[in-house]
>>> print(open('query17.txt').read())   # compact mmCIF, C-alpha atoms
# COMPACT_ATOMS: atom_id res chain seq x y z
CA MET W 1439 -8.10 71.39 -38.25
CA SER W 1440 -8.80 67.99 -36.67
CA ALA W 1441 -12.01 67.39 -34.75
CA LYS W 1442 -12.03 67.24 -30.97
CA THR W 1443 -11.58 63.83 -29.38
CA PHE W 1444 -14.21 63.07 -26.73
CA THR W 1445 -14.10 60.60 -23.87
CA ALA W 1446 -17.37 58.71 -24.01
CA ILE W 1447 -19.11 55.81 -22.30
CA GLY W 1448 -21.38 53.47 -24.25
CA LEU W 1449 -24.07 51.23 -22.73
CA MET W 1450 -25.92 48.34 -24.32
CA SER W 1451 -28.58 45.95 -23.02
CA GLY W 1452 -29.16 43.25 -25.62
CA THR W 1453 -32.32 41.31 -26.36
CA SER W 1454 -31.01 38.26 -24.50
CA ALA W 1455 -31.34 40.38 -21.32
CA ASP W 1456 -28.13 39.00 -19.84
CA GLY W 1457 -26.96 42.33 -18.46
CA VAL W 1458 -25.48 45.73 -19.29
CA ASP W 1459 -22.37 45.99 -21.45
CA ALA W 1460 -20.37 49.16 -20.80
CA ALA W 1461 -17.38 50.54 -22.69
CA LEU W 1462 -15.07 53.53 -22.32
CA VAL W 1463 -13.89 55.05 -25.59
CA LYS W 1464 -11.91 58.03 -26.83
CA THR W 1465 -13.18 59.10 -30.24
CA ASP W 1466 -13.88 61.97 -32.58
CA GLY W 1467 -17.00 60.18 -33.86
CA GLU W 1468 -15.18 59.40 -37.07
CA ALA W 1469 -12.06 57.30 -37.72
CA LYS W 1470 -10.31 58.01 -34.40
CA ILE W 1471 -11.41 55.23 -32.04
CA THR W 1472 -9.42 54.16 -28.99
CA VAL W 1473 -11.07 51.68 -26.65
CA ILE W 1474 -9.93 52.10 -23.06
CA GLY W 1475 -11.83 49.09 -21.72
CA GLY W 1476 -15.18 47.56 -20.99
CA LEU W 1477 -17.18 45.30 -18.70
CA THR W 1478 -20.48 43.47 -18.38
CA LEU W 1479 -22.73 43.83 -15.34
CA PRO W 1480 -25.16 40.87 -15.28
CA TYR W 1481 -28.82 41.34 -14.42
CA GLU W 1482 -30.16 39.52 -11.38
CA GLU W 1483 -32.45 36.65 -12.35
CA ASP W 1484 -35.68 38.40 -11.31
CA LEU W 1485 -34.86 41.51 -13.34
CA ARG W 1486 -33.92 39.41 -16.35
CA TYR W 1487 -37.24 37.56 -16.10
CA ARG W 1488 -39.16 40.86 -15.98
CA LEU W 1489 -37.28 42.18 -19.03
CA LEU W 1490 -38.05 39.06 -21.03
CA GLU W 1491 -41.69 39.24 -19.89
CA ALA W 1492 -41.95 42.88 -21.02
CA SER W 1493 -40.37 42.02 -24.37
CA GLN W 1494 -42.81 39.20 -25.10
CA HIS W 1495 -46.06 40.35 -23.49
CA ASP W 1496 -47.99 43.51 -22.76
CA MET W 1497 -47.23 44.73 -19.25
CA PRO W 1498 -49.23 47.15 -17.07
CA THR W 1499 -47.85 50.68 -17.40
CA SER W 1500 -46.93 51.00 -13.73
CA ASP W 1501 -45.00 47.71 -13.86
CA LEU W 1502 -43.19 48.86 -17.00
CA LEU W 1503 -42.20 52.11 -15.31
CA ARG W 1504 -40.87 50.25 -12.27
CA LEU W 1505 -38.94 47.99 -14.62
CA GLU W 1506 -37.48 51.00 -16.43
CA LYS W 1507 -36.37 52.51 -13.11
CA ASP W 1508 -34.66 49.29 -12.03
CA VAL W 1509 -32.98 48.75 -15.41
CA THR W 1510 -31.69 52.33 -15.44
CA GLN W 1511 -30.17 51.82 -11.99
CA VAL W 1512 -28.18 48.83 -13.27
CA HIS W 1513 -26.90 51.01 -16.13
CA ALA W 1514 -25.86 53.66 -13.60
CA ASP W 1515 -24.09 50.96 -11.57
CA ALA W 1516 -22.29 49.80 -14.72
CA VAL W 1517 -21.05 53.35 -15.35
CA ALA W 1518 -19.84 53.60 -11.74
CA GLN W 1519 -17.98 50.29 -12.01
CA LEU W 1520 -16.43 51.31 -15.34
CA VAL W 1521 -15.20 54.62 -13.92
CA LYS W 1522 -13.83 52.82 -10.87
CA GLN W 1523 -12.01 50.31 -13.08
CA PHE W 1524 -10.53 52.98 -15.37
CA PRO W 1525 -10.42 56.06 -13.10
CA ASP W 1526 -8.02 58.27 -15.05
CA ASP W 1527 -10.06 58.20 -18.26
CA GLY W 1528 -13.42 57.38 -16.68
CA LYS W 1529 -13.53 60.59 -14.69
CA GLN W 1530 -13.04 62.53 -17.93
CA ALA W 1531 -16.14 61.05 -19.57
CA GLU W 1532 -18.13 63.81 -21.28
CA VAL W 1533 -21.12 61.86 -22.57
CA VAL W 1534 -22.90 58.52 -22.13
CA GLY W 1535 -24.48 56.75 -25.10
CA PHE W 1536 -27.51 55.02 -23.55
CA HIS W 1537 -29.32 52.59 -25.84
CA GLY W 1538 -31.73 51.30 -23.21
CA HIS W 1539 -33.45 47.92 -23.46
CA THR W 1540 -35.70 47.19 -26.44
CA VAL W 1541 -39.12 45.88 -25.43
CA ARG W 1542 -40.75 46.42 -28.85
CA HIS W 1543 -39.41 46.88 -32.36
CA ILE W 1544 -42.09 46.79 -35.08
CA PRO W 1545 -40.56 48.88 -37.88
CA ASP W 1546 -43.24 47.99 -40.45
CA GLU W 1547 -45.68 49.93 -38.24
CA GLY W 1548 -43.17 52.66 -37.39
CA LEU W 1549 -42.95 51.49 -33.77
CA THR W 1550 -39.99 51.00 -31.46
CA CYS W 1551 -39.60 51.24 -27.69
CA GLN W 1552 -36.43 51.15 -25.63
CA ILE W 1553 -36.94 51.55 -21.90
CA GLY W 1554 -34.42 53.54 -19.89
CA ASN W 1555 -34.74 56.89 -18.11
CA ALA W 1556 -32.07 59.26 -19.44
CA TRP W 1557 -32.78 61.86 -16.75
CA GLN W 1558 -32.34 59.28 -13.99
CA LEU W 1559 -29.05 58.14 -15.54
CA ALA W 1560 -27.78 61.71 -15.99
CA HIS W 1561 -28.49 62.55 -12.36
CA ALA W 1562 -26.96 59.28 -11.11
CA THR W 1563 -23.75 59.66 -13.11
CA GLY W 1564 -23.34 63.44 -13.38
CA ILE W 1565 -22.68 63.01 -17.11
CA LYS W 1566 -24.82 64.18 -20.01
CA VAL W 1567 -26.63 61.38 -21.79
CA VAL W 1568 -27.58 60.68 -25.40
CA SER W 1569 -30.51 58.25 -25.68
CA ASP W 1570 -33.47 57.43 -27.98
CA PHE W 1571 -31.24 56.60 -30.96
CA ARG W 1572 -33.86 54.91 -33.14
CA ARG W 1573 -37.01 57.01 -33.41
CA ASN W 1574 -35.73 59.82 -35.62
CA ASP W 1575 -34.73 57.20 -38.18
CA ILE W 1576 -38.14 55.53 -37.98
CA ALA W 1577 -39.89 58.92 -38.33
CA SER W 1578 -37.95 59.37 -41.57
CA GLY W 1579 -39.18 56.10 -43.01
CA GLY W 1580 -36.28 53.98 -41.76
CA GLN W 1581 -36.32 50.66 -39.94
CA GLY W 1582 -34.54 52.09 -36.88
CA ALA W 1583 -31.94 49.30 -37.04
CA PRO W 1584 -29.25 48.17 -37.28
CA LEU W 1585 -27.30 51.16 -35.92
CA ALA W 1586 -23.74 49.81 -35.95
CA ALA W 1587 -23.07 49.96 -39.71
CA MET W 1588 -21.26 53.30 -39.81
CA PHE W 1589 -19.23 52.31 -36.73
CA HIS W 1590 -18.19 49.12 -38.52
CA ARG W 1591 -17.13 51.17 -41.54
CA ALA W 1592 -14.94 53.35 -39.32
CA LEU W 1593 -13.38 50.33 -37.59
CA PHE W 1594 -12.57 48.47 -40.81
CA ASP W 1595 -11.71 51.54 -42.86
CA THR W 1596 -8.32 50.28 -44.06
CA ASP W 1597 -9.27 46.66 -44.84
CA GLU W 1598 -9.31 45.36 -48.38
CA LYS W 1599 -12.93 45.38 -49.50
CA PRO W 1600 -15.51 44.01 -49.76
CA ILE W 1601 -15.92 42.53 -46.29
CA VAL W 1602 -18.91 41.72 -44.09
CA VAL W 1603 -19.21 42.28 -40.35
CA LEU W 1604 -21.70 39.90 -38.74
CA ASN W 1605 -23.15 40.58 -35.30
CA LEU W 1606 -24.64 37.49 -33.69
CA GLY W 1607 -26.82 38.70 -30.83
CA GLY W 1608 -30.43 37.74 -30.20
CA VAL W 1609 -30.99 38.79 -33.83
CA ALA W 1610 -28.26 38.52 -36.47
CA ASN W 1611 -27.31 41.55 -38.56
CA VAL W 1612 -24.67 42.24 -41.18
CA THR W 1613 -22.78 45.24 -42.48
CA TRP W 1614 -21.42 44.90 -46.02
CA LEU W 1615 -18.50 47.24 -46.68
CA GLY W 1616 -17.48 47.85 -50.29
CA GLU W 1617 -14.96 50.02 -52.07
CA ASP W 1618 -15.08 53.82 -51.74
CA GLY W 1619 -17.01 53.74 -48.48
CA ALA W 1620 -20.01 51.83 -49.85
CA LEU W 1621 -22.09 50.08 -47.22
CA ILE W 1622 -25.31 48.10 -46.92
CA ALA W 1623 -26.69 46.78 -43.65
CA GLY W 1624 -29.63 44.96 -42.16
CA ASP W 1625 -30.93 42.15 -40.00
CA THR W 1626 -30.68 38.72 -41.57
CA GLY W 1627 -32.75 36.60 -39.19
CA PRO W 1628 -32.46 34.97 -35.78
CA GLY W 1629 -29.08 35.14 -34.07
CA CYS W 1630 -28.69 33.18 -30.84
CA GLY W 1631 -32.05 34.15 -29.33
CA LEU W 1632 -34.03 31.12 -30.46
CA LEU W 1633 -31.17 28.79 -29.57
CA ASP W 1634 -30.90 30.31 -26.08
CA GLU W 1635 -34.63 29.85 -25.53
CA TRP W 1636 -34.47 26.26 -26.73
CA ALA W 1637 -31.58 25.48 -24.37
CA GLN W 1638 -33.42 27.08 -21.46
CA GLU W 1639 -36.74 25.34 -22.08
CA MET W 1640 -35.50 21.91 -23.13
CA ALA W 1641 -32.19 21.46 -21.34
CA GLY W 1642 -32.58 23.75 -18.33
CA VAL W 1643 -29.42 25.73 -19.14
CA SER W 1644 -29.05 29.42 -19.94
CA HIS W 1645 -27.48 28.80 -23.38
CA ASP W 1646 -25.81 26.10 -25.46
CA ALA W 1647 -22.39 26.47 -23.81
CA ASP W 1648 -19.51 25.43 -26.10
CA GLY W 1649 -22.08 24.20 -28.63
CA LYS W 1650 -22.42 20.88 -26.81
CA LEU W 1651 -26.12 20.43 -27.62
CA ALA W 1652 -25.86 21.38 -31.29
CA ALA W 1653 -22.65 19.38 -31.81
CA ALA W 1654 -24.46 16.22 -30.70
CA GLY W 1655 -27.45 16.84 -32.97
CA LYS W 1656 -28.38 16.48 -36.63
CA VAL W 1657 -29.88 19.24 -38.78
CA ASP W 1658 -33.45 18.66 -39.94
CA GLU W 1659 -33.25 20.01 -43.49
CA ALA W 1660 -37.01 20.12 -44.01
CA MET W 1661 -37.47 22.32 -40.94
CA VAL W 1662 -34.68 24.66 -42.06
CA ALA W 1663 -36.36 25.05 -45.45
CA GLU W 1664 -39.73 25.67 -43.81
CA ALA W 1665 -38.28 28.27 -41.46
CA LEU W 1666 -36.54 30.15 -44.27
CA SER W 1667 -39.66 30.18 -46.46
CA ALA W 1668 -41.09 33.09 -44.42
CA PRO W 1669 -41.35 36.34 -46.47
CA PHE W 1670 -38.82 38.19 -44.28
CA PHE W 1671 -35.92 36.12 -45.57
CA ALA W 1672 -36.60 36.94 -49.22
CA ARG W 1673 -36.57 40.69 -48.66
CA PRO W 1674 -33.37 42.51 -49.63
CA LEU W 1675 -31.32 44.60 -47.21
CA PRO W 1676 -31.77 47.02 -45.54
CA LYS W 1677 -34.38 45.43 -43.29
CA ALA W 1678 -34.88 45.10 -39.55
CA ALA W 1679 -36.57 42.59 -37.29
CA ASP W 1680 -37.66 42.18 -33.70
CA ARG W 1681 -36.19 39.39 -31.59
CA TYR W 1682 -39.62 37.71 -31.57
CA ASP W 1683 -40.31 37.95 -35.32
CA PHE W 1684 -38.95 34.42 -35.73
CA ASP W 1685 -41.18 32.55 -33.32
CA HIS W 1686 -42.64 30.73 -36.34
CA VAL W 1687 -39.43 28.68 -36.39
CA ASP W 1688 -40.70 25.53 -34.69
CA VAL W 1689 -38.38 22.65 -33.79
CA SER W 1690 -40.56 21.38 -30.93
CA THR W 1691 -40.94 17.91 -32.44
CA LEU W 1692 -37.19 17.31 -32.46
CA ALA W 1693 -34.85 15.93 -29.83
CA VAL W 1694 -33.03 18.58 -27.81
CA GLU W 1695 -29.74 18.16 -29.68
CA ASP W 1696 -31.34 18.02 -33.14
CA GLY W 1697 -33.37 21.12 -32.39
CA ALA W 1698 -30.22 23.00 -31.37
CA ALA W 1699 -28.38 21.94 -34.54
CA THR W 1700 -31.36 22.91 -36.70
CA LEU W 1701 -31.64 26.36 -35.11
CA CYS W 1702 -27.92 26.94 -35.75
CA ALA W 1703 -28.47 26.04 -39.41
CA VAL W 1704 -31.41 28.46 -39.70
CA THR W 1705 -29.26 31.30 -38.34
CA VAL W 1706 -26.30 30.58 -40.60
CA ARG W 1707 -28.22 29.96 -43.82
CA ALA W 1708 -30.24 33.14 -43.32
CA VAL W 1709 -26.94 35.04 -43.06
CA ALA W 1710 -25.54 33.30 -46.14
CA GLY W 1711 -28.72 33.96 -48.11
CA ALA W 1712 -28.74 37.66 -47.27
CA VAL W 1713 -25.05 38.10 -48.10
CA ALA W 1714 -25.47 36.23 -51.40
CA ARG W 1715 -27.86 38.98 -52.57
CA LEU W 1716 -25.31 41.75 -51.93
CA PRO W 1717 -23.29 43.36 -54.75
CA LYS W 1718 -20.05 41.38 -54.29
CA LYS W 1719 -18.93 38.33 -52.36
CA PRO W 1720 -16.93 39.37 -49.28
CA LYS W 1721 -13.24 38.54 -48.97
CA SER W 1722 -13.74 37.90 -45.27
CA LEU W 1723 -16.50 37.66 -42.68
CA TRP W 1724 -15.73 39.28 -39.32
CA VAL W 1725 -17.94 37.93 -36.51
CA THR W 1726 -18.87 39.67 -33.26
CA GLY W 1727 -21.52 39.20 -30.58
CA GLY W 1728 -22.27 36.21 -28.37
CA GLY W 1729 -22.37 33.81 -31.32
CA VAL W 1730 -18.59 33.90 -31.76
CA LYS W 1731 -18.38 31.54 -28.77
CA HIS W 1732 -20.56 28.90 -30.45
CA PRO W 1733 -18.28 26.48 -32.36
CA VAL W 1734 -21.08 24.88 -34.37
CA ILE W 1735 -22.32 28.23 -35.68
CA MET W 1736 -18.75 29.27 -36.50
CA ALA W 1737 -18.08 25.97 -38.29
CA MET W 1738 -21.31 26.29 -40.29
CA LEU W 1739 -20.35 29.84 -41.31
CA ALA W 1740 -17.03 28.50 -42.59
CA GLU W 1741 -18.98 26.27 -44.99
CA HIS W 1742 -20.40 29.40 -46.68
CA PHE W 1743 -17.60 31.96 -46.46
CA ASP W 1744 -13.95 31.75 -47.53
CA GLN W 1745 -12.58 33.42 -44.43
CA VAL W 1746 -14.40 33.59 -41.08
CA ARG W 1747 -12.62 35.61 -38.40
CA ARG W 1748 -13.44 36.80 -34.89
CA VAL W 1749 -13.11 40.51 -34.16
CA GLU W 1750 -10.75 39.58 -31.31
CA GLU W 1751 -8.10 39.21 -34.04
CA ARG W 1752 -8.34 43.00 -34.33
CA LYS W 1753 -7.95 43.41 -30.55
CA LEU W 1754 -11.67 44.22 -30.40
CA SER W 1755 -14.12 42.70 -27.93
CA SER W 1756 -17.10 40.78 -29.27
CA GLU W 1757 -18.74 41.22 -25.85
CA THR W 1758 -18.58 45.02 -25.66
CA LEU W 1759 -18.36 46.08 -29.32
CA GLU W 1760 -21.98 47.27 -29.36
CA ALA W 1761 -21.42 49.33 -26.22
CA GLU W 1762 -18.37 50.88 -27.89
CA CYS W 1763 -20.61 51.67 -30.85
CA PHE W 1764 -23.04 53.64 -28.68
CA ALA W 1765 -20.20 55.66 -27.20
CA TRP W 1766 -19.19 56.52 -30.78
CA LEU W 1767 -22.77 57.29 -31.80
CA ALA W 1768 -23.19 59.60 -28.79
CA VAL W 1769 -20.18 61.62 -29.95
CA ARG W 1770 -21.65 61.80 -33.45
CA ARG W 1771 -24.83 63.20 -31.87
CA LEU W 1772 -22.78 65.88 -30.09
CA ARG W 1773 -21.14 66.75 -33.42
CA GLU W 1774 -24.50 66.54 -35.27
CA LEU W 1775 -23.18 63.91 -37.69
CA PRO W 1776 -25.37 61.22 -39.30
CA ILE W 1777 -25.80 57.90 -37.50
CA THR W 1778 -27.96 56.27 -40.18
CA VAL W 1779 -28.13 56.49 -43.97
CA PRO W 1780 -30.61 55.07 -46.50
CA GLU W 1781 -28.35 52.07 -47.23
CA THR W 1782 -28.34 50.95 -43.60
CA THR W 1783 -31.93 51.44 -42.41
CA GLY W 1784 -33.93 52.63 -45.41
CA CYS W 1785 -34.38 56.17 -44.04
CA ARG W 1786 -35.01 58.91 -46.60
CA GLN W 1787 -31.72 60.78 -46.09
CA PRO W 1788 -28.63 60.67 -43.84
CA LEU W 1789 -29.82 61.41 -40.32
CA CYS W 1790 -28.41 62.37 -36.97
CA GLY W 1791 -30.26 60.73 -34.10
CA GLY W 1792 -30.49 60.65 -30.34
CA THR W 1793 -31.86 62.93 -27.65
CA LEU W 1794 -29.40 64.89 -25.52
CA THR W 1795 -30.14 65.02 -21.78
CA LEU W 1796 -27.99 67.41 -19.77
>>> encode(input="query17.txt", output="structure tokens")
Amino acid sequence: MSAKTFTAIGLMSGTSADGVDAALVKTDGEAKITVIGGLTLPYEEDLRYRLLEASQHDMPTSDLLRLEKDVTQVHADAVAQLVKQFPDDGKQAEVVGFHGHTVRHIPDEGLTCQIGNAWQLAHATGIKVVSDFRRNDIASGGQGAPLAAMFHRALFDTDEKPIVVLNLGGVANVTWLGEDGALIAGDTGPGCGLLDEWAQEMAGVSHDADGKLAAAGKVDEAMVAEALSAPFFARPLPKAADRYDFDHVDVSTLAVEDGAATLCAVTVRAVAGAVARLPKKPKSLWVTGGGVKHPVIMAMLAEHFDQVRRVEERKLSSETLEAECFAWLAVRRLRELPITVPETTGCRQPLCGGTLTL
């Protein structure tokens, strides 16, 4: 007897604090995955600034609670817009997978914090909510991240293995998929977070659009080597990092363009180094996340991997794939299926995760 198919909404607020990604999915929490559609609701500039401030510095508790309330409201607005855009399926949504916004992730100390009020969201949407996806994994000795590995395995189930799925967000993470369902996952190093910061501080732009800064620059090899000499990069997968674990990467003495090119090289070579330590070389590298839009990063990846492909070739969206993942994970929570395993986070045994708010 086949498992029930649920209509689920997934929500993701990434470390770049650009906005809320929302996706509407029909899934059984296993191999059946049909994406109805998705959208991104940008944060207003003041809210984005407060999120970045909370992620980098200690904030008074009352201010953090106000921030959580405001962030949750934007998530509720994203759900409302999604339902309005896809009314037939949206009105059937049975659960919302609510990741929240990470303001701390220190797995070596067993600490993680995602702000977002599940009760507020449940009342605003009238839909039950699954939230707090990471802390059960951390309580079981895991790193609490990355959480998309099993979703990647379901999406790429029929591909010839091995392959690697690379997510280039603020932090970069990979999922290695081998024969017979084998998988290994983990964070590899900085994604686009350092590059975004550099573009904002040095060029006064939100990000390196179309790779224009990096394309005009030259990689400083000595700085790349220095950056990658940090102990994190030598550790095998699974491992997890916080967006701000890589602030030791210092290109401040370089010209704007050279700094951008050097940061791209750090990201790519950290990925290549992590993948080189995995059991078998992948036949292809599938890339998702904001980094797929950066031509210099994509070109550098092609220097290390035989086949570099965007997930759009699979009619998937690199912008909302993580939101789709949290819809899928929410359904797995309803079915009490594992969302992490030792090979993906280092937890002691396969674990279900997430708190259900009715």
>>> residues_around(input="query17.txt", residues="Leu1615 (chain W)", least_positions_apart="6", cutoff="12 Å", atoms="all atoms listed in the file", output="ChimeraX atom specification")
/W:1587-1604,1621-1623,1713,1716-1724,1781-1782
>>> closest_residue(input="query17.txt", among="W:Ala1663, W:Leu1520, W:Ala1446, W:Ile1553", to="Ala1768 (chain W)", atoms="all atoms listed in the file")
W:Ala1446
>>> closest_residue(input="query17.txt", among="W:Arg1486, W:Lys1566, W:His1543, W:Lys1731", to="Glu1757 (chain W)", atoms="only C-alpha atoms")
W:Lys1731
>>> closest_residue(input="query17.txt", among="W:Leu1477, W:Gln1519, W:Thr1465, W:Val1694", to="Val1643 (chain W)", atoms="all atoms listed in the file")
W:Val1694
>>> atom_distance(input="query17.txt", atom1="CA of Lys1656 (chain W)", atom2="CA of His1686 (chain W)")
20.2 Å
>>> build_atoms(input="query17.txt", residues="region 1466-1493 of chain W", atoms="N, CA and C atoms", output="PDB file, keeping the file's coordinate frame")
ATOM      1  N   ASP W1466     -13.379  60.739 -31.980  1.00  0.00           N
ATOM      2  CA  ASP W1466     -13.880  61.970 -32.580  1.00  0.00           C
ATOM      3  C   ASP W1466     -15.207  61.732 -33.298  1.00  0.00           C
ATOM      4  N   GLY W1467     -15.758  60.521 -33.164  1.00  0.00           N
ATOM      5  CA  GLY W1467     -17.000  60.180 -33.860  1.00  0.00           C
ATOM      6  C   GLY W1467     -16.771  59.873 -35.324  1.00  0.00           C
ATOM      7  N   GLU W1468     -15.524  59.783 -35.698  1.00  0.00           N
ATOM      8  CA  GLU W1468     -15.180  59.400 -37.070  1.00  0.00           C
ATOM      9  C   GLU W1468     -14.169  58.261 -37.009  1.00  0.00           C
ATOM     10  N   ALA W1469     -13.006  58.410 -37.632  1.00  0.00           N
ATOM     11  CA  ALA W1469     -12.060  57.300 -37.720  1.00  0.00           C
ATOM     12  C   ALA W1469     -11.204  57.118 -36.478  1.00  0.00           C
ATOM     13  N   LYS W1470     -11.100  58.137 -35.633  1.00  0.00           N
ATOM     14  CA  LYS W1470     -10.310  58.010 -34.400  1.00  0.00           C
ATOM     15  C   LYS W1470     -11.127  57.264 -33.367  1.00  0.00           C
ATOM     16  N   ILE W1471     -10.698  56.054 -33.019  1.00  0.00           N
ATOM     17  CA  ILE W1471     -11.410  55.230 -32.040  1.00  0.00           C
ATOM     18  C   ILE W1471     -10.379  54.503 -31.195  1.00  0.00           C
ATOM     19  N   THR W1472     -10.303  54.860 -29.925  1.00  0.00           N
ATOM     20  CA  THR W1472      -9.420  54.160 -28.990  1.00  0.00           C
ATOM     21  C   THR W1472     -10.270  53.615 -27.848  1.00  0.00           C
ATOM     22  N   VAL W1473     -10.281  52.311 -27.709  1.00  0.00           N
ATOM     23  CA  VAL W1473     -11.070  51.680 -26.650  1.00  0.00           C
ATOM     24  C   VAL W1473     -10.200  51.557 -25.399  1.00  0.00           C
ATOM     25  N   ILE W1474     -10.654  52.164 -24.325  1.00  0.00           N
ATOM     26  CA  ILE W1474      -9.930  52.100 -23.060  1.00  0.00           C
ATOM     27  C   ILE W1474     -10.213  50.780 -22.352  1.00  0.00           C
ATOM     28  N   GLY W1475     -11.460  50.359 -22.363  1.00  0.00           N
ATOM     29  CA  GLY W1475     -11.830  49.090 -21.720  1.00  0.00           C
ATOM     30  C   GLY W1475     -13.324  48.948 -21.608  1.00  0.00           C
ATOM     31  N   GLY W1476     -13.749  47.802 -21.126  1.00  0.00           N
ATOM     32  CA  GLY W1476     -15.180  47.560 -20.990  1.00  0.00           C
ATOM     33  C   GLY W1476     -15.464  46.494 -19.950  1.00  0.00           C
ATOM     34  N   LEU W1477     -16.754  46.317 -19.659  1.00  0.00           N
ATOM     35  CA  LEU W1477     -17.180  45.300 -18.700  1.00  0.00           C
ATOM     36  C   LEU W1477     -18.641  44.955 -18.952  1.00  0.00           C
ATOM     37  N   THR W1478     -19.072  43.868 -18.345  1.00  0.00           N
ATOM     38  CA  THR W1478     -20.480  43.470 -18.380  1.00  0.00           C
ATOM     39  C   THR W1478     -20.971  43.306 -16.949  1.00  0.00           C
ATOM     40  N   LEU W1479     -22.095  43.953 -16.655  1.00  0.00           N
ATOM     41  CA  LEU W1479     -22.730  43.830 -15.340  1.00  0.00           C
ATOM     42  C   LEU W1479     -23.997  42.998 -15.507  1.00  0.00           C
ATOM     43  N   PRO W1480     -24.004  41.750 -15.050  1.00  0.00           N
ATOM     44  CA  PRO W1480     -25.160  40.870 -15.280  1.00  0.00           C
ATOM     45  C   PRO W1480     -26.407  41.360 -14.527  1.00  0.00           C
ATOM     46  N   TYR W1481     -27.563  41.089 -15.116  1.00  0.00           N
ATOM     47  CA  TYR W1481     -28.820  41.340 -14.420  1.00  0.00           C
ATOM     48  C   TYR W1481     -29.074  40.219 -13.421  1.00  0.00           C
ATOM     49  N   GLU W1482     -29.683  40.562 -12.287  1.00  0.00           N
ATOM     50  CA  GLU W1482     -30.160  39.520 -11.380  1.00  0.00           C
ATOM     51  C   GLU W1482     -31.309  38.776 -12.065  1.00  0.00           C
ATOM     52  N   GLU W1483     -31.519  37.535 -11.647  1.00  0.00           N
ATOM     53  CA  GLU W1483     -32.450  36.650 -12.350  1.00  0.00           C
ATOM     54  C   GLU W1483     -33.860  37.230 -12.424  1.00  0.00           C
ATOM     55  N   ASP W1484     -34.336  37.851 -11.323  1.00  0.00           N
ATOM     56  CA  ASP W1484     -35.680  38.400 -11.310  1.00  0.00           C
ATOM     57  C   ASP W1484     -35.822  39.542 -12.314  1.00  0.00           C
ATOM     58  N   LEU W1485     -34.808  40.396 -12.399  1.00  0.00           N
ATOM     59  CA  LEU W1485     -34.860  41.510 -13.340  1.00  0.00           C
ATOM     60  C   LEU W1485     -34.814  40.999 -14.772  1.00  0.00           C
ATOM     61  N   ARG W1486     -33.984  39.997 -15.001  1.00  0.00           N
ATOM     62  CA  ARG W1486     -33.920  39.410 -16.350  1.00  0.00           C
ATOM     63  C   ARG W1486     -35.281  38.825 -16.747  1.00  0.00           C
ATOM     64  N   TYR W1487     -35.921  38.138 -15.813  1.00  0.00           N
ATOM     65  CA  TYR W1487     -37.240  37.560 -16.100  1.00  0.00           C
ATOM     66  C   TYR W1487     -38.238  38.664 -16.448  1.00  0.00           C
ATOM     67  N   ARG W1488     -38.225  39.759 -15.714  1.00  0.00           N
ATOM     68  CA  ARG W1488     -39.160  40.860 -15.980  1.00  0.00           C
ATOM     69  C   ARG W1488     -38.890  41.497 -17.338  1.00  0.00           C
ATOM     70  N   LEU W1489     -37.614  41.619 -17.708  1.00  0.00           N
ATOM     71  CA  LEU W1489     -37.280  42.180 -19.030  1.00  0.00           C
ATOM     72  C   LEU W1489     -37.784  41.280 -20.153  1.00  0.00           C
ATOM     73  N   LEU W1490     -37.577  39.986 -20.004  1.00  0.00           N
ATOM     74  CA  LEU W1490     -38.050  39.060 -21.030  1.00  0.00           C
ATOM     75  C   LEU W1490     -39.579  39.065 -21.098  1.00  0.00           C
ATOM     76  N   GLU W1491     -40.219  39.173 -19.937  1.00  0.00           N
ATOM     77  CA  GLU W1491     -41.690  39.240 -19.890  1.00  0.00           C
ATOM     78  C   GLU W1491     -42.187  40.488 -20.616  1.00  0.00           C
ATOM     79  N   ALA W1492     -41.543  41.628 -20.374  1.00  0.00           N
ATOM     80  CA  ALA W1492     -41.950  42.880 -21.020  1.00  0.00           C
ATOM     81  C   ALA W1492     -41.721  42.832 -22.520  1.00  0.00           C
ATOM     82  N   SER W1493     -40.687  42.100 -22.948  1.00  0.00           N
ATOM     83  CA  SER W1493     -40.370  42.020 -24.370  1.00  0.00           C
ATOM     84  C   SER W1493     -41.335  41.132 -25.132  1.00  0.00           C
TER      85      SER W1493
END
